[in-house]
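Visitor: Have a look at this one.
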Amino acid sequence: MTEKAMTMDETGTTPEHPMWLPEAVFRGLRDRTIAVVGDDPLLGTVRREADAAGMTEVPPSAEAELTIMPVADLATHARRIDAAAVGDLGTEGYAIAREGGRTVIAYAGAAGALYGWFHVVRAGLGDADTAGGAASDAPTVERHVPRHSLRMLDHWDNVSEHPVMGQVERGYAGGSIFYEDGRVREDLSRVERYARLLASIGVNRVAINNVNVGRREARLLTDDLGEVSRIAACFRPWGIRVHLAVSFASPITLAGLPTADPVDEAVQQWWADAATRVYAAIEDFGGFLVKADSEGQPGPFAYGRDHADGANMLAAALAPHGGIVHWRAFVYNHRQDWRDRSTDRARAAYDHFVPLDGRFADNVILQVKYGPLDFQVREPVSPVIPGLRETAVALELQITQEYTGQQRHAVYLAPQWREILEFAPFGDSGPTISDLSRGGIAAVANVGDDPFWTGHPLAQANLYAYGRLAWDPSLDADAILDEWAALTFGDDTTARGGIHRLLSDSWRTYESYTAPLGVGFMVNPGDHYGPSVEGYEYSPWGTYHFADRDGIGVDRTVATGTGYAGQYPEPWRSVYESLDSVPDELLLFFHHVPYSHRLRSGATVVQHVYDTHFDGVERVRAQVALWDSLDGRIDTAVHRRVTERLAEQLRSATDWRDQINTYFFRASGIADERGRRIY
């Protein structure tokens, strides 16, 4: 990317940033030859990409520098690749081999050819990563098959602007790229560019509207199907299927039926007819995303039914067309009494859904947030995922930084996601959360109509990392960060090294100056930004910390607390139950302890709070200085925007430090042993 690419134009506005696909990424492909074997719309996409990159298409017999061909044709074209070594690539995988300046990509499904193309874009056409031996030996084949067949993004976009949440709920990058002025945008060219970016990181499903479905948004299922079809047409050439979030009450609000009871035959028929109409308009439609009986959204509880009844009714409507239902497990009592310590929001999803295990239809996927509360910077992995043995589960992550600085703070989330994905709930020799997420991975998207797409330019790294980890959860978070930085910022190793140092540990930096030791939710209840230590302490939404003069934390043990720790399988049930074994970073999530309780570091709880919050601000101050040192090496518009965001991050971190430290000092009466200023 050149500076000219992003400097302000004659109107004084910043042009659209290319994210990780600037023109410079394709320079190594210019004037090279390519042969693409096969006939499929996705292969047409590859051919257009190659042409735009300046490559010359030649017949397969011409020994092109890059050949993309079906596995079945390897022997026909006399490639020295053992088809048996390629193995089963499924519909999206690909194999790649390099030898003598030539690269061959073998695919079984055309989507594999598309993903193989973007592999070459990332890695180039050189021989540097060839694992082959001498020239007389067949080249070693690298297989790349997605670990998760469903890799989805959920957009919380509203067609009409919500009076409180705006056009994009929990959106921190401007308005919607899909909707404007209460309707689908006339010009969807930016959606087309977005689809290309998503394909380059392996995303294959997109839900295009808010899970909190309003009356206007509900009509996407009926009156606006033609407009939804236009959006689907933008994603289709990139192998991405569109989904809709739907309201469970649609038969009432859209058709005037007296009920939405899932066992009512008229209701069942209405949904069956609705699904038929959708697939008539969008043949490759993905399915429905549903938030029901959660935070005021309608659901089957109103009719004395359970979640399996509701989900299976929708699944039956979609099944003839191959569609799926994503049913969110984010269900809890948001009108609870803070005086009642037996009620625990963390328990709710498990209590609702695990007893229903085995009752859900095959095309139902339960979408489960990674933690039991709500996308906190630190919380234990949800026990619902290992608890559902006979139900397809999709892990839900949050790319948009609702509780992690709202894209005003630089927070690289891939290290957190790696910890979640590799967590083994049955012990080190058992399956990981990634293994148990048989329904795939979904994440709440973080883009808007901002020229930088994500508001904070460095937040692009989170969208990139999500796609790469959804494809291969074993990838190293730092390696992904470096890959993104190289694609986005070019060859300046000083700039890339600075960006790495700024972002690599930024998640833990954010954690250090916000809510400590897993306690969570010390944020302003309205916008979820900035400190409010007791903002949720007396709230019907739950999430308390129970701080008093003697200690802090929530007792979630089986022995004396809410019993939440007992929802985990061994060994974690015992690990979390005991003060002797619970990880320090989750101490206050599982236990109420005195401020003088000593952590494994040797520090007391209250001293740990003081130390981490003072240190966190200094770490942000160092980030600011580091970014300042890159001035002149980074595109002017990008540098300016990040400078503004880092200034806000430093201000906010200071506010967090002072409010948290002051609260704990006043509550405990224990001074900072290092004598630093606490108000």
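Convention: chains lettered A, B, ... in structure tokens order; per-chain residue numbering from 1; ligands numbered from 1 as shown.
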From the DSSP assignment of the backbone, select every residue of stretch 8-195 of chain A that is alpha helix (DSSP H), and format the answer as a PyMOL selection string.

Guide: chain A and resi 41-52+83-86+110-123+189-195

Visitor: Could you make a table, as CSV, of the residues of stretch 315-418 of chain A that have an atom within 12 Å of an atom of stretch 472-485 of chain A, each with its nearest atom pair and distance in Å to one decimal, counting only C-alpha atoms, in chain and number order?

Guide:
residue,atom,partner,partner_atom,distance
A:Val411,CA,A:Leu481,CA,12.0
A:Tyr412,CA,A:Leu481,CA,8.5
A:Leu413,CA,A:Ala477,CA,8.8
A:Ala414,CA,A:Ala477,CA,5.5
A:Pro415,CA,A:Ala477,CA,5.6
A:Gln416,CA,A:Ala477,CA,9.1
A:Trp417,CA,A:Ala477,CA,8.7
A:Arg418,CA,A:Pro473,CA,7.0

Visitor: Next, the residues of the selection above should be written as a PDB file, in the first residue's frame with N, CA and C atoms.

Guide:
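Okay, this is what ended up in again-v2.pdb:
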ATOM      1  N   VAL A 411      -6.837  -3.650  20.660  1.00  0.00           N
ATOM      2  CA  VAL A 411      -6.871  -4.919  21.380  1.00  0.00           C
ATOM      3  C   VAL A 411      -6.929  -6.049  20.344  1.00  0.00           C
ATOM      4  N   TYR A 412      -5.837  -6.778  20.214  1.00  0.00           N
ATOM      5  CA  TYR A 412      -5.753  -7.911  19.293  1.00  0.00           C
ATOM      6  C   TYR A 412      -6.280  -9.143  20.022  1.00  0.00           C
ATOM      7  N   LEU A 413      -7.378  -9.710  19.517  1.00  0.00           N
ATOM      8  CA  LEU A 413      -8.120 -10.728  20.246  1.00  0.00           C
ATOM      9  C   LEU A 413      -7.725 -12.160  19.916  1.00  0.00           C
ATOM     10  N   ALA A 414      -6.879 -12.373  18.925  1.00  0.00           N
ATOM     11  CA  ALA A 414      -6.534 -13.743  18.548  1.00  0.00           C
ATOM     12  C   ALA A 414      -5.925 -14.546  19.702  1.00  0.00           C
ATOM     13  N   PRO A 415      -5.074 -13.970  20.570  1.00  0.00           N
ATOM     14  CA  PRO A 415      -4.572 -14.771  21.704  1.00  0.00           C
ATOM     15  C   PRO A 415      -5.692 -15.272  22.617  1.00  0.00           C
ATOM     16  N   GLN A 416      -6.705 -14.453  22.842  1.00  0.00           N
ATOM     17  CA  GLN A 416      -7.848 -14.909  23.631  1.00  0.00           C
ATOM     18  C   GLN A 416      -8.557 -16.056  22.919  1.00  0.00           C
ATOM     19  N   TRP A 417      -8.804 -15.893  21.629  1.00  0.00           N
ATOM     20  CA  TRP A 417      -9.509 -16.934  20.874  1.00  0.00           C
ATOM     21  C   TRP A 417      -8.723 -18.233  20.842  1.00  0.00           C
ATOM     22  N   ARG A 418      -7.409 -18.144  20.738  1.00  0.00           N
ATOM     23  CA  ARG A 418      -6.597 -19.367  20.746  1.00  0.00           C
ATOM     24  C   ARG A 418      -6.747 -20.094  22.072  1.00  0.00           C
TER      25      ARG A 418
END

Visitor: Could you give me, as an MDAnalysis selection string, each residue of stretch 140-367 of chain A that DSSP assigns to strand (DSSP E) when run on this structure's backbone?

Guide: chainID A and resid 142:144 151:154 157:162 166:168 179:180 183:184 205:207 241:245 287:290 324:328 364:367

Visitor: Considering only C-alpha atoms, state which residue in the set A:Ala52, A:Ile240, A:Met152, A:Val37 is at the smallest distance from A:Ala113.

Guide: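 Among A:Ala52, A:Ile240, A:Met152, A:Val37, it is A:Val37 that comes nearest to A:Ala113.
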
Visitor: Which neighbours of A:Tyr466 fall inside 9 Å, counting only C-alpha atoms, when residues of the same chain fewer than 5 positions from it are skipped, and could you give them as an mmCIF file with N, CA and C atoms, in the first residue's frame?

Guide:
data_model
loop_
_atom_site.group_PDB
_atom_site.id
_atom_site.type_symbol
_atom_site.label_atom_id
_atom_site.label_comp_id
_atom_site.auth_asym_id
_atom_site.auth_seq_id
_atom_site.Cartn_x
_atom_site.Cartn_y
_atom_site.Cartn_z
ATOM 1 N N ILE A 201 -10.043 -14.883 3.543
ATOM 2 C CA ILE A 201 -9.721 -15.464 4.840
ATOM 3 C C ILE A 201 -10.582 -16.684 5.152
ATOM 4 N N VAL A 203 -14.044 -17.163 5.154
ATOM 5 C CA VAL A 203 -15.416 -17.077 5.665
ATOM 6 C C VAL A 203 -16.381 -17.561 4.587
ATOM 7 N N LEU A 397 -17.973 -16.235 18.883
ATOM 8 C CA LEU A 397 -16.994 -15.252 19.320
ATOM 9 C C LEU A 397 -17.511 -13.857 18.986
ATOM 10 N N ILE A 399 -16.025 -10.393 17.362
ATOM 11 C CA ILE A 399 -14.953 -9.594 16.775
ATOM 12 C C ILE A 399 -15.163 -8.127 17.113
ATOM 13 N N LEU A 413 -7.378 -9.710 19.517
ATOM 14 C CA LEU A 413 -8.120 -10.728 20.246
ATOM 15 C C LEU A 413 -7.725 -12.160 19.916
ATOM 16 N N ALA A 414 -6.879 -12.373 18.925
ATOM 17 C CA ALA A 414 -6.534 -13.743 18.548
ATOM 18 C C ALA A 414 -5.925 -14.546 19.702
ATOM 19 N N TRP A 417 -8.804 -15.893 21.629
ATOM 20 C CA TRP A 417 -9.509 -16.934 20.874
ATOM 21 C C TRP A 417 -8.723 -18.233 20.842
ATOM 22 N N ALA A 443 -19.081 -15.530 14.532
ATOM 23 C CA ALA A 443 -18.572 -14.371 15.266
ATOM 24 C C ALA A 443 -19.332 -13.135 14.848
ATOM 25 N N ALA A 461 -7.038 -6.380 12.131
ATOM 26 C CA ALA A 461 -6.312 -7.610 12.463
ATOM 27 C C ALA A 461 -7.237 -8.646 13.087
ATOM 28 N N TRP A 471 -10.644 -21.289 10.007
ATOM 29 C CA TRP A 471 -10.157 -22.294 9.053
ATOM 30 C C TRP A 471 -9.207 -23.270 9.736
#

Visitor: So which residues touch A:Asp154 within 9 Å, counting only C-alpha atoms, skipping near sequence neighbours fewer than 5 positions away, as a PyMOL selection string?

Guide: chain A and resi 205-211+243+245+289+442-445

Visitor: Take the residues that were just selected and, keeping N, CA and C atoms, output them as a short mmCIF file (atom, residue, chain, number, x, y, z; two decimals), in the first residue's frame.

Guide:
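selection-v4.cif was written with the following content:
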data_model
loop_
_atom_site.label_atom_id
_atom_site.label_comp_id
_atom_site.auth_asym_id
_atom_site.auth_seq_id
_atom_site.Cartn_x
_atom_site.Cartn_y
_atom_site.Cartn_z
N ARG A 205 -20.08 -18.03 5.34
CA ARG A 205 -21.48 -17.73 5.66
C ARG A 205 -21.56 -16.33 6.27
N VAL A 206 -22.65 -15.62 5.98
CA VAL A 206 -22.84 -14.29 6.54
C VAL A 206 -24.33 -14.09 6.85
N ALA A 207 -24.63 -13.74 8.10
CA ALA A 207 -25.97 -13.30 8.46
C ALA A 207 -26.00 -11.78 8.36
N ILE A 208 -26.99 -11.24 7.66
CA ILE A 208 -26.90 -9.83 7.26
C ILE A 208 -27.77 -8.89 8.07
N ASN A 209 -28.39 -9.37 9.16
CA ASN A 209 -29.19 -8.45 9.98
C ASN A 209 -29.14 -8.84 11.44
N ASN A 210 -29.54 -7.91 12.27
CA ASN A 210 -29.42 -8.00 13.72
C ASN A 210 -30.24 -9.16 14.29
N VAL A 211 -29.65 -9.86 15.26
CA VAL A 211 -30.39 -10.94 15.94
C VAL A 211 -31.55 -10.39 16.76
N HIS A 243 -27.46 -15.70 5.27
CA HIS A 243 -28.46 -16.12 6.25
C HIS A 243 -29.24 -14.89 6.70
N ALA A 245 -31.41 -13.32 10.13
CA ALA A 245 -31.96 -13.40 11.47
C ALA A 245 -33.46 -13.15 11.37
N LEU A 289 -31.13 -17.47 11.57
CA LEU A 289 -30.46 -17.23 12.85
C LEU A 289 -31.52 -16.70 13.80
N ALA A 442 -18.99 -19.11 14.68
CA ALA A 442 -19.62 -17.87 14.26
C ALA A 442 -19.04 -16.73 15.08
N ALA A 443 -19.08 -15.53 14.53
CA ALA A 443 -18.57 -14.37 15.27
C ALA A 443 -19.33 -13.14 14.85
N VAL A 444 -19.50 -12.23 15.80
CA VAL A 444 -20.18 -10.96 15.53
C VAL A 444 -19.19 -10.03 14.82
N ALA A 445 -19.58 -9.54 13.66
CA ALA A 445 -18.68 -8.79 12.79
C ALA A 445 -18.38 -7.40 13.34
#

Visitor: Using only C-alpha atoms, find each residue of stretch 507-604 of chain A with at least one atom at most 12 Å away from an atom of stretch 351-355 of chain A; report its shortest atom-to-atom pair and that distance in Å (one decimal), sort the rows by chain and rising residue number, and return the result as JSON lines.

Guide:
{"residue": "A:Gly563", "atom": "CA", "partner": "A:Asp351", "partner_atom": "CA", "distance": 11.3}
{"residue": "A:Tyr564", "atom": "CA", "partner": "A:Asp351", "partner_atom": "CA", "distance": 9.9}
{"residue": "A:Gly566", "atom": "CA", "partner": "A:Asp351", "partner_atom": "CA", "distance": 11.6}
{"residue": "A:Gln567", "atom": "CA", "partner": "A:Asp351", "partner_atom": "CA", "distance": 8.9}
{"residue": "A:Tyr568", "atom": "CA", "partner": "A:Val354", "partner_atom": "CA", "distance": 11.8}

Visitor: Write the residues you've just listed into a file as a CSV table (one decimal), in the first residue's frame, and include C-alpha atoms for each of them.

Guide:
chain,number,residue,atom,x,y,z
A,563,GLY,CA,-23.2,-24.4,42.0
A,564,TYR,CA,-22.0,-23.1,38.7
A,566,GLY,CA,-20.4,-28.1,39.0
A,567,GLN,CA,-21.6,-27.7,35.5
A,568,TYR,CA,-18.1,-28.5,34.2

Visitor: Between atom CA of A:Leu469 and atom CA of A:Ala424, what distance in Å does the model show, to one decimal?

Guide: 16.9 Å

Visitor: Can you pull out the residues contacting stretch 70-73 of chain A? Cut-off 12 Å, using only C-alpha atoms, and skip same-chain residues under 5 positions away; I want them as a compact mmCIF listing (two decimals) with N, CA and C atoms, in the first residue's frame.

Guide:
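Output file part_11.txt is given in full below:
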# COMPACT_ATOMS: atom_id res chain seq x y z
N ALA A 35 -2.84 -21.41 -15.44
CA ALA A 35 -3.80 -22.29 -16.11
C ALA A 35 -4.84 -22.70 -15.09
N VAL A 36 -6.10 -22.49 -15.40
CA VAL A 36 -7.20 -22.86 -14.51
C VAL A 36 -8.03 -23.91 -15.23
N VAL A 37 -8.08 -25.10 -14.66
CA VAL A 37 -8.77 -26.22 -15.30
C VAL A 37 -10.12 -26.44 -14.62
N GLY A 38 -11.17 -26.40 -15.41
CA GLY A 38 -12.50 -26.64 -14.87
C GLY A 38 -13.46 -25.55 -15.27
N ASP A 39 -14.74 -25.81 -15.00
CA ASP A 39 -15.80 -24.88 -15.38
C ASP A 39 -16.79 -24.77 -14.23
N ASP A 40 -16.73 -23.68 -13.52
CA ASP A 40 -17.59 -23.44 -12.37
C ASP A 40 -17.60 -21.94 -12.11
N LEU A 43 -14.61 -20.81 -10.27
CA LEU A 43 -13.41 -20.79 -11.10
C LEU A 43 -13.39 -19.54 -11.97
N PRO A 60 -3.46 -25.65 -19.98
CA PRO A 60 -2.76 -26.48 -19.01
C PRO A 60 -1.51 -27.15 -19.57
N ALA A 78 -0.16 -35.21 -16.19
CA ALA A 78 1.21 -35.68 -15.95
C ALA A 78 1.94 -34.86 -14.89
N ARG A 79 1.19 -34.31 -13.94
CA ARG A 79 1.85 -33.62 -12.84
C ARG A 79 2.47 -34.67 -11.92
N ARG A 80 3.65 -34.38 -11.44
CA ARG A 80 4.32 -35.36 -10.59
C ARG A 80 3.87 -35.18 -9.13
N ILE A 81 2.55 -35.25 -8.95
CA ILE A 81 1.98 -35.19 -7.62
C ILE A 81 1.17 -36.46 -7.43
N ASP A 82 1.41 -37.15 -6.36
CA ASP A 82 0.70 -38.39 -6.07
C ASP A 82 -0.69 -38.04 -5.57
N ALA A 83 -1.68 -38.37 -6.38
CA ALA A 83 -3.06 -38.05 -6.01
C ALA A 83 -3.45 -38.71 -4.70
N ALA A 84 -2.87 -39.88 -4.42
CA ALA A 84 -3.19 -40.56 -3.17
C ALA A 84 -2.71 -39.76 -1.96
N ALA A 85 -1.59 -39.04 -2.14
CA ALA A 85 -1.07 -38.23 -1.04
C ALA A 85 -1.94 -37.01 -0.77
N VAL A 86 -2.68 -36.60 -1.77
CA VAL A 86 -3.57 -35.45 -1.59
C VAL A 86 -4.72 -35.80 -0.66
N GLY A 87 -5.25 -37.01 -0.79
CA GLY A 87 -6.31 -37.46 0.09
C GLY A 87 -7.62 -36.74 -0.16
N ASP A 88 -8.50 -36.83 0.82
CA ASP A 88 -9.84 -36.25 0.71
C ASP A 88 -9.77 -34.77 1.07
N LEU A 89 -10.07 -33.92 0.09
CA LEU A 89 -10.04 -32.48 0.31
C LEU A 89 -11.41 -31.90 0.63
N GLY A 90 -12.45 -32.74 0.60
CA GLY A 90 -13.79 -32.23 0.82
C GLY A 90 -14.18 -31.25 -0.28
N THR A 91 -15.12 -30.38 0.01
CA THR A 91 -15.59 -29.43 -0.99
C THR A 91 -14.83 -28.11 -0.97
N GLU A 92 -14.03 -27.87 0.11
CA GLU A 92 -13.38 -26.58 0.24
C GLU A 92 -11.87 -26.66 0.37
N GLY A 93 -11.33 -27.83 0.56
CA GLY A 93 -9.90 -27.96 0.76
C GLY A 93 -9.12 -27.91 -0.54
N TYR A 94 -7.81 -27.77 -0.41
CA TYR A 94 -6.93 -27.76 -1.58
C TYR A 94 -5.58 -28.31 -1.16
N ALA A 95 -4.84 -28.76 -2.14
CA ALA A 95 -3.46 -29.21 -1.93
C ALA A 95 -2.57 -28.36 -2.81
N ILE A 96 -1.36 -28.09 -2.34
CA ILE A 96 -0.45 -27.22 -3.08
C ILE A 96 0.94 -27.84 -3.11
N VAL A 104 1.40 -25.90 -8.28
CA VAL A 104 0.17 -26.59 -8.65
C VAL A 104 -0.76 -26.59 -7.45
N ILE A 105 -1.99 -26.17 -7.68
CA ILE A 105 -3.05 -26.26 -6.68
C ILE A 105 -4.06 -27.27 -7.17
N ALA A 106 -4.29 -28.29 -6.36
CA ALA A 106 -5.29 -29.31 -6.69
C ALA A 106 -6.51 -29.11 -5.80
N TYR A 107 -7.68 -29.21 -6.37
CA TYR A 107 -8.92 -29.01 -5.62
C TYR A 107 -9.90 -30.12 -5.95
N ALA A 108 -10.82 -30.40 -5.04
CA ALA A 108 -11.91 -31.33 -5.30
C ALA A 108 -13.21 -30.57 -5.58
N GLY A 109 -13.45 -29.52 -4.81
CA GLY A 109 -14.58 -28.63 -5.05
C GLY A 109 -14.06 -27.27 -5.47
N ALA A 110 -14.85 -26.55 -6.26
CA ALA A 110 -14.38 -25.28 -6.81
C ALA A 110 -14.04 -24.26 -5.71
N ALA A 111 -14.70 -24.36 -4.55
CA ALA A 111 -14.34 -23.46 -3.45
C ALA A 111 -12.89 -23.65 -3.05
N GLY A 112 -12.39 -24.88 -3.14
CA GLY A 112 -10.99 -25.15 -2.83
C GLY A 112 -10.06 -24.42 -3.77
N ALA A 113 -10.47 -24.29 -5.04
CA ALA A 113 -9.66 -23.53 -5.99
C ALA A 113 -9.59 -22.07 -5.59
N GLY A 116 -7.40 -21.80 -2.55
CA GLY A 116 -6.02 -22.03 -2.98
C GLY A 116 -5.43 -20.81 -3.66
N ARG A 143 -1.41 -30.10 2.37
CA ARG A 143 -2.87 -30.17 2.35
C ARG A 143 -3.44 -29.07 3.23

Visitor: Skipping near chain neighbours, those fewer than 6 positions away, what residues fall within 9 Å of A:Arg32 using only C-alpha atoms, listed as a PDB file with N, CA, C and O atoms, in the first residue's frame?

Guide:
ATOM      1  N   GLY A  54      -2.903  -9.185 -13.307  1.00  0.00           N
ATOM      2  CA  GLY A  54      -1.943  -9.055 -14.401  1.00  0.00           C
ATOM      3  C   GLY A  54      -1.342 -10.367 -14.854  1.00  0.00           C
ATOM      4  O   GLY A  54      -0.305 -10.378 -15.535  1.00  0.00           O
ATOM      5  N   MET A  55      -1.982 -11.485 -14.511  1.00  0.00           N
ATOM      6  CA  MET A  55      -1.488 -12.780 -14.957  1.00  0.00           C
ATOM      7  C   MET A  55      -2.027 -13.102 -16.350  1.00  0.00           C
ATOM      8  O   MET A  55      -3.062 -12.569 -16.774  1.00  0.00           O
ATOM      9  N   THR A  56      -1.345 -13.975 -17.040  1.00  0.00           N
ATOM     10  CA  THR A  56      -1.744 -14.401 -18.379  1.00  0.00           C
ATOM     11  C   THR A  56      -2.221 -15.838 -18.321  1.00  0.00           C
ATOM     12  O   THR A  56      -1.476 -16.733 -17.872  1.00  0.00           O
ATOM     13  N   GLU A  57      -3.458 -16.081 -18.744  1.00  0.00           N
ATOM     14  CA  GLU A  57      -3.972 -17.440 -18.720  1.00  0.00           C
ATOM     15  C   GLU A  57      -3.489 -18.202 -19.948  1.00  0.00           C
ATOM     16  O   GLU A  57      -3.547 -17.695 -21.083  1.00  0.00           O
ATOM     17  N   ALA A  64       2.209 -23.858 -17.040  1.00  0.00           N
ATOM     18  CA  ALA A  64       2.086 -22.523 -16.448  1.00  0.00           C
ATOM     19  C   ALA A  64       2.827 -22.448 -15.121  1.00  0.00           C
ATOM     20  O   ALA A  64       3.066 -23.460 -14.453  1.00  0.00           O
ATOM     21  N   GLU A  65       3.163 -21.219 -14.750  1.00  0.00           N
ATOM     22  CA  GLU A  65       3.824 -21.036 -13.455  1.00  0.00           C
ATOM     23  C   GLU A  65       2.878 -21.343 -12.303  1.00  0.00           C
ATOM     24  O   GLU A  65       3.322 -21.729 -11.220  1.00  0.00           O
ATOM     25  N   LEU A  66       1.570 -21.153 -12.514  1.00  0.00           N
ATOM     26  CA  LEU A  66       0.564 -21.550 -11.541  1.00  0.00           C
ATOM     27  C   LEU A  66      -0.517 -22.320 -12.269  1.00  0.00           C
ATOM     28  O   LEU A  66      -1.099 -21.825 -13.239  1.00  0.00           O
TER      29      LEU A  66
END

Visitor: Go through A:Arg196, A:Lys369, A:His639, A:Arg468 one by one, measure the shortest atom-to-atom distance of each to A:Ile420 using only C-alpha atoms, and give the residue with the smallest value.

Guide: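 Ranking A:Arg196, A:Lys369, A:His639, A:Arg468 by distance to A:Ile420, first place goes to A:Lys369.
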
Visitor: With distances taken over only C-alpha atoms, which of A:Asp615, A:Glu99, A:Asp306, A:Asp284 is nearest to A:Leu125?

Guide: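 Between A:Asp615, A:Glu99, A:Asp306, A:Asp284, the residue approaching A:Leu125 most closely is A:Glu99.
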
Visitor: What's around A:His597 at 9 Å? Count only C-alpha atoms, leave out sequence neighbours fewer than 5 positions away in its own chain, and write the answer as a ChimeraX atom specification.

Guide: /A:551,603-606

Visitor: Given only C-alpha atoms as the basis, pick out the residue of A:Asp655, A:Asp435, A:Asp628, A:Asp555 nearest to A:Thr514.

Guide: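 Closest to A:Thr514, using only C-alpha atoms: A:Asp655.
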